[in-house]
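Notes follow once the structure below has been shown.
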Amino acid sequence: MDAHIKKVYVPMTETSFYILLCLREEAHGYSIVQKVEALTNGQIKISPGTMYGSLSKMEKDGLIQFIREEDKRKIYIITDLGRQVLELEMQRIERLYRNLQEVQ
């Protein structure tokens with residue numbers, strides 16, 4: 001993983017985190033929006049502009065890839081690089097949680 005990717009994505013925004021998390025399975029933008037809203041009990045609502053801008057940037061950076069189109073919807077999946085970035089972020093979040101537990 002090059003330094004640019006690490007600098008841009010770690011730590012990552014909640015939007016980027018949830019997009020990569022959801023794309024461990026094939027999905028299109030609108031289904032990701034729905035899944036994130038369900039996962040967060042409506043606390044995070046990704047707007048279409050944010051979703052499609054994020055998908056475009058992540059695809060360009062090699063974190064996700066376009067697989068196919070179904071009913072005029074682009075289907076994406078996470079790449080190996082995207083999995084590495086997601087794993088780094090999950091480790092960072094786990095460390096934060098452990099630290100929180102230690103100081104309580």
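By convention here, the chains of the structure tokens are called A, B, ... in the order presented, each chain's residues are numbered starting at 1, and ligands are numbered starting at 1 in the order presented.
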Notebook entry, point to check: as a ChimeraX atom specification, which residues of chain A does DSSP assign to alpha helix (DSSP H)?
Noted result: /A:3-9,14-22,29-39,48-61,80-102
Checklist line | Neighbour list for A:Ile93 as a list of chain:residue names, cut-off 12 Å, only C-alpha atoms, skip fewer than 6 positions in-chain | finding: A:Val10, A:Pro11, A:Met12, A:Thr13, A:Glu14, A:Phe17, A:Leu86, A:Glu87, A:Asn99, A:Leu100
Mind dumping the selected residues with all heavy atoms as a PDB file, in the first residue's frame?
```
ATOM      1  N   VAL A  10      -6.589   6.569   6.037  1.00  0.00           N
ATOM      2  CA  VAL A  10      -6.438   6.147   7.439  1.00  0.00           C
ATOM      3  C   VAL A  10      -5.978   7.352   8.255  1.00  0.00           C
ATOM      4  O   VAL A  10      -4.897   7.868   8.004  1.00  0.00           O
ATOM      5  CB  VAL A  10      -5.431   4.982   7.582  1.00  0.00           C
ATOM      6  CG1 VAL A  10      -5.305   4.567   9.040  1.00  0.00           C
ATOM      7  CG2 VAL A  10      -5.855   3.797   6.723  1.00  0.00           C
ATOM      8  N   PRO A  11      -6.770   7.839   9.222  1.00  0.00           N
ATOM      9  CA  PRO A  11      -8.096   7.339   9.573  1.00  0.00           C
ATOM     10  C   PRO A  11      -9.102   7.690   8.479  1.00  0.00           C
ATOM     11  O   PRO A  11      -8.924   8.659   7.760  1.00  0.00           O
ATOM     12  CB  PRO A  11      -8.425   8.061  10.877  1.00  0.00           C
ATOM     13  CG  PRO A  11      -7.656   9.328  10.824  1.00  0.00           C
ATOM     14  CD  PRO A  11      -6.410   9.008  10.042  1.00  0.00           C
ATOM     15  N   MET A  12     -10.144   6.906   8.375  1.00  0.00           N
ATOM     16  CA  MET A  12     -11.117   7.127   7.310  1.00  0.00           C
ATOM     17  C   MET A  12     -12.413   7.713   7.847  1.00  0.00           C
ATOM     18  O   MET A  12     -12.708   7.607   9.037  1.00  0.00           O
ATOM     19  CB  MET A  12     -11.313   5.847   6.497  1.00  0.00           C
ATOM     20  CG  MET A  12     -12.265   4.833   7.004  1.00  0.00           C
ATOM     21  SD  MET A  12     -12.482   3.361   5.946  1.00  0.00           S
ATOM     22  CE  MET A  12     -10.910   2.993   5.263  1.00  0.00           C
ATOM     23  N   THR A  13     -13.126   8.332   6.929  1.00  0.00           N
ATOM     24  CA  THR A  13     -14.430   8.886   7.300  1.00  0.00           C
ATOM     25  C   THR A  13     -15.408   7.738   7.539  1.00  0.00           C
ATOM     26  O   THR A  13     -15.201   6.625   7.055  1.00  0.00           O
ATOM     27  CB  THR A  13     -14.984   9.779   6.175  1.00  0.00           C
ATOM     28  OG1 THR A  13     -15.227   8.965   5.022  1.00  0.00           O
ATOM     29  CG2 THR A  13     -14.027  10.908   5.829  1.00  0.00           C
ATOM     30  N   GLU A  14     -16.462   8.029   8.270  1.00  0.00           N
ATOM     31  CA  GLU A  14     -17.487   7.003   8.476  1.00  0.00           C
ATOM     32  C   GLU A  14     -18.080   6.557   7.147  1.00  0.00           C
ATOM     33  O   GLU A  14     -18.348   5.372   6.942  1.00  0.00           O
ATOM     34  CB  GLU A  14     -18.601   7.529   9.389  1.00  0.00           C
ATOM     35  CG  GLU A  14     -18.222   7.520  10.845  1.00  0.00           C
ATOM     36  CD  GLU A  14     -19.383   7.933  11.731  1.00  0.00           C
ATOM     37  OE1 GLU A  14     -19.933   9.031  11.522  1.00  0.00           O
ATOM     38  OE2 GLU A  14     -19.739   7.137  12.629  1.00  0.00           O
ATOM     39  N   PHE A  17     -15.686   4.158   5.531  1.00  0.00           N
ATOM     40  CA  PHE A  17     -15.689   2.919   6.305  1.00  0.00           C
ATOM     41  C   PHE A  17     -16.895   2.059   5.952  1.00  0.00           C
ATOM     42  O   PHE A  17     -16.767   0.877   5.649  1.00  0.00           O
ATOM     43  CB  PHE A  17     -15.670   3.235   7.803  1.00  0.00           C
ATOM     44  CG  PHE A  17     -15.773   2.012   8.668  1.00  0.00           C
ATOM     45  CD1 PHE A  17     -14.658   1.226   8.911  1.00  0.00           C
ATOM     46  CD2 PHE A  17     -16.987   1.643   9.228  1.00  0.00           C
ATOM     47  CE1 PHE A  17     -14.758   0.082   9.705  1.00  0.00           C
ATOM     48  CE2 PHE A  17     -17.089   0.512  10.021  1.00  0.00           C
ATOM     49  CZ  PHE A  17     -15.969  -0.266  10.262  1.00  0.00           C
ATOM     50  N   LEU A  86      -9.351  -1.292   4.850  1.00  0.00           N
ATOM     51  CA  LEU A  86     -10.420  -1.541   5.819  1.00  0.00           C
ATOM     52  C   LEU A  86      -9.870  -2.234   7.063  1.00  0.00           C
ATOM     53  O   LEU A  86     -10.233  -1.884   8.192  1.00  0.00           O
ATOM     54  CB  LEU A  86     -11.531  -2.379   5.180  1.00  0.00           C
ATOM     55  CG  LEU A  86     -12.737  -2.693   6.059  1.00  0.00           C
ATOM     56  CD1 LEU A  86     -13.451  -1.419   6.517  1.00  0.00           C
ATOM     57  CD2 LEU A  86     -13.714  -3.607   5.312  1.00  0.00           C
ATOM     58  N   GLU A  87      -8.985  -3.182   6.884  1.00  0.00           N
ATOM     59  CA  GLU A  87      -8.377  -3.888   8.026  1.00  0.00           C
ATOM     60  C   GLU A  87      -7.579  -2.920   8.902  1.00  0.00           C
ATOM     61  O   GLU A  87      -7.669  -2.981  10.137  1.00  0.00           O
ATOM     62  CB  GLU A  87      -7.486  -5.028   7.528  1.00  0.00           C
ATOM     63  CG  GLU A  87      -6.813  -5.813   8.630  1.00  0.00           C
ATOM     64  CD  GLU A  87      -7.773  -6.528   9.567  1.00  0.00           C
ATOM     65  OE1 GLU A  87      -8.870  -6.932   9.136  1.00  0.00           O
ATOM     66  OE2 GLU A  87      -7.424  -6.690  10.761  1.00  0.00           O
ATOM     67  N   ASN A  99      -8.391   1.178  24.375  1.00  0.00           N
ATOM     68  CA  ASN A  99      -7.907   2.300  25.183  1.00  0.00           C
ATOM     69  C   ASN A  99      -9.016   2.899  26.014  1.00  0.00           C
ATOM     70  O   ASN A  99      -8.814   3.261  27.181  1.00  0.00           O
ATOM     71  CB  ASN A  99      -7.259   3.366  24.313  1.00  0.00           C
ATOM     72  CG  ASN A  99      -5.971   2.904  23.635  1.00  0.00           C
ATOM     73  OD1 ASN A  99      -5.564   3.470  22.639  1.00  0.00           O
ATOM     74  ND2 ASN A  99      -5.333   1.884  24.160  1.00  0.00           N
ATOM     75  N   LEU A 100     -10.199   2.997  25.442  1.00  0.00           N
ATOM     76  CA  LEU A 100     -11.340   3.514  26.177  1.00  0.00           C
ATOM     77  C   LEU A 100     -11.651   2.639  27.386  1.00  0.00           C
ATOM     78  O   LEU A 100     -11.893   3.125  28.481  1.00  0.00           O
ATOM     79  CB  LEU A 100     -12.557   3.604  25.241  1.00  0.00           C
ATOM     80  CG  LEU A 100     -13.869   4.033  25.873  1.00  0.00           C
ATOM     81  CD1 LEU A 100     -13.783   5.477  26.349  1.00  0.00           C
ATOM     82  CD2 LEU A 100     -14.998   3.874  24.873  1.00  0.00           C
TER      83      LEU A 100
END
```
Next item on the list: With a distance cut-off of 9 Å and only C-alpha atoms, select the neighbouring residues of stretch 1-7 of chain A, excluding the residue or stretch itself and same-chain residues fewer than 5 positions from it, and output the selection as a VMD selection string.
Entry: chain A and resid 61 81 84 to 85
For stretch 38-62 of chain A against stretch 24-30 of chain A, with a cut-off of 9 Å and counting only C-alpha atoms, what is the closest atom pair and its distance in Å to one decimal for every residue that makes the cut, ordered by chain and number, as JSON lines?
```
{"residue": "A:Pro48", "atom": "CA", "partner": "A:Tyr30", "partner_atom": "CA", "distance": 7.9}
{"residue": "A:Met51", "atom": "CA", "partner": "A:Gly29", "partner_atom": "CA", "distance": 6.5}
{"residue": "A:Tyr52", "atom": "CA", "partner": "A:Gly29", "partner_atom": "CA", "distance": 6.9}
{"residue": "A:Leu55", "atom": "CA", "partner": "A:Gly29", "partner_atom": "CA", "distance": 7.8}
```
Item checked: All residues 9 Å or closer to A:Ile46, only C-alpha atoms, same chain fewer than 5 positions away omitted, as a list in words ->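 My reading of the contact set: Thr15, Ile32, Val33, Gln34, Val36, Glu37 and Met51 of chain A.
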Go ahead and save the picked residues with N, CA and C atoms, as a PDB file, in the first residue's frame.
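And here is the file that came out, selection-v1.pdb:
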```pdb
ATOM      1  N   THR A  15     -18.263   7.494   6.234  1.00  0.00           N
ATOM      2  CA  THR A  15     -18.817   7.145   4.925  1.00  0.00           C
ATOM      3  C   THR A  15     -17.930   6.133   4.223  1.00  0.00           C
ATOM      4  N   ILE A  32     -26.144   0.217  -0.844  1.00  0.00           N
ATOM      5  CA  ILE A  32     -25.210   0.585   0.226  1.00  0.00           C
ATOM      6  C   ILE A  32     -25.851   1.642   1.126  1.00  0.00           C
ATOM      7  N   VAL A  33     -26.475   2.645   0.515  1.00  0.00           N
ATOM      8  CA  VAL A  33     -27.161   3.697   1.277  1.00  0.00           C
ATOM      9  C   VAL A  33     -28.174   3.070   2.234  1.00  0.00           C
ATOM     10  N   GLN A  34     -28.967   2.145   1.724  1.00  0.00           N
ATOM     11  CA  GLN A  34     -29.991   1.484   2.544  1.00  0.00           C
ATOM     12  C   GLN A  34     -29.370   0.653   3.658  1.00  0.00           C
ATOM     13  N   VAL A  36     -26.381   0.972   5.086  1.00  0.00           N
ATOM     14  CA  VAL A  36     -25.748   1.833   6.099  1.00  0.00           C
ATOM     15  C   VAL A  36     -26.801   2.438   7.010  1.00  0.00           C
ATOM     16  N   GLU A  37     -27.887   2.882   6.430  1.00  0.00           N
ATOM     17  CA  GLU A  37     -28.953   3.453   7.249  1.00  0.00           C
ATOM     18  C   GLU A  37     -29.504   2.409   8.222  1.00  0.00           C
ATOM     19  N   MET A  51     -22.335   9.522  -1.953  1.00  0.00           N
ATOM     20  CA  MET A  51     -22.151   8.116  -2.300  1.00  0.00           C
ATOM     21  C   MET A  51     -21.430   7.970  -3.635  1.00  0.00           C
TER      22      MET A  51
END
```
Check: Between A:Lys72, A:Tyr18, A:Val8, A:Gly42, which one has atoms that come closest to A:Lys57, using only C-alpha atoms?
Finding: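 Smallest separation from A:Lys57 among the options: A:Val8.
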Next item on the list: Please report, as a PyMOL selection string, each residue of chain A to which DSSP assigns strand (DSSP E or B) when run on this structure's backbone.
Entry: chain A and resi 27+64-70+73-78
Check: Which residue out of A:Val103, A:Ser31, A:Tyr97, A:Leu21 has the minimum interatomic distance to A:Arg73 when only C-alpha atoms are used?
Finding: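 Smallest distance to A:Arg73 is found for A:Ser31.
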Checklist line | Residue contacts of A:Ser56 (12 Å, only C-alpha atoms) excluding same-chain residues fewer than 6 positions away, as JSON, numbers by chain | finding: {"A": [16, 19, 29, 49, 50, 62, 63, 64, 65, 66, 74, 76]}
Next item on the list: Have a look at A:Gly82, A:Leu96, A:Gln101, A:Ile44 and name the one nearest to A:Lys60; count only C-alpha atoms.
Entry: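 So, comparing all the options, the nearest one is A:Gly82.
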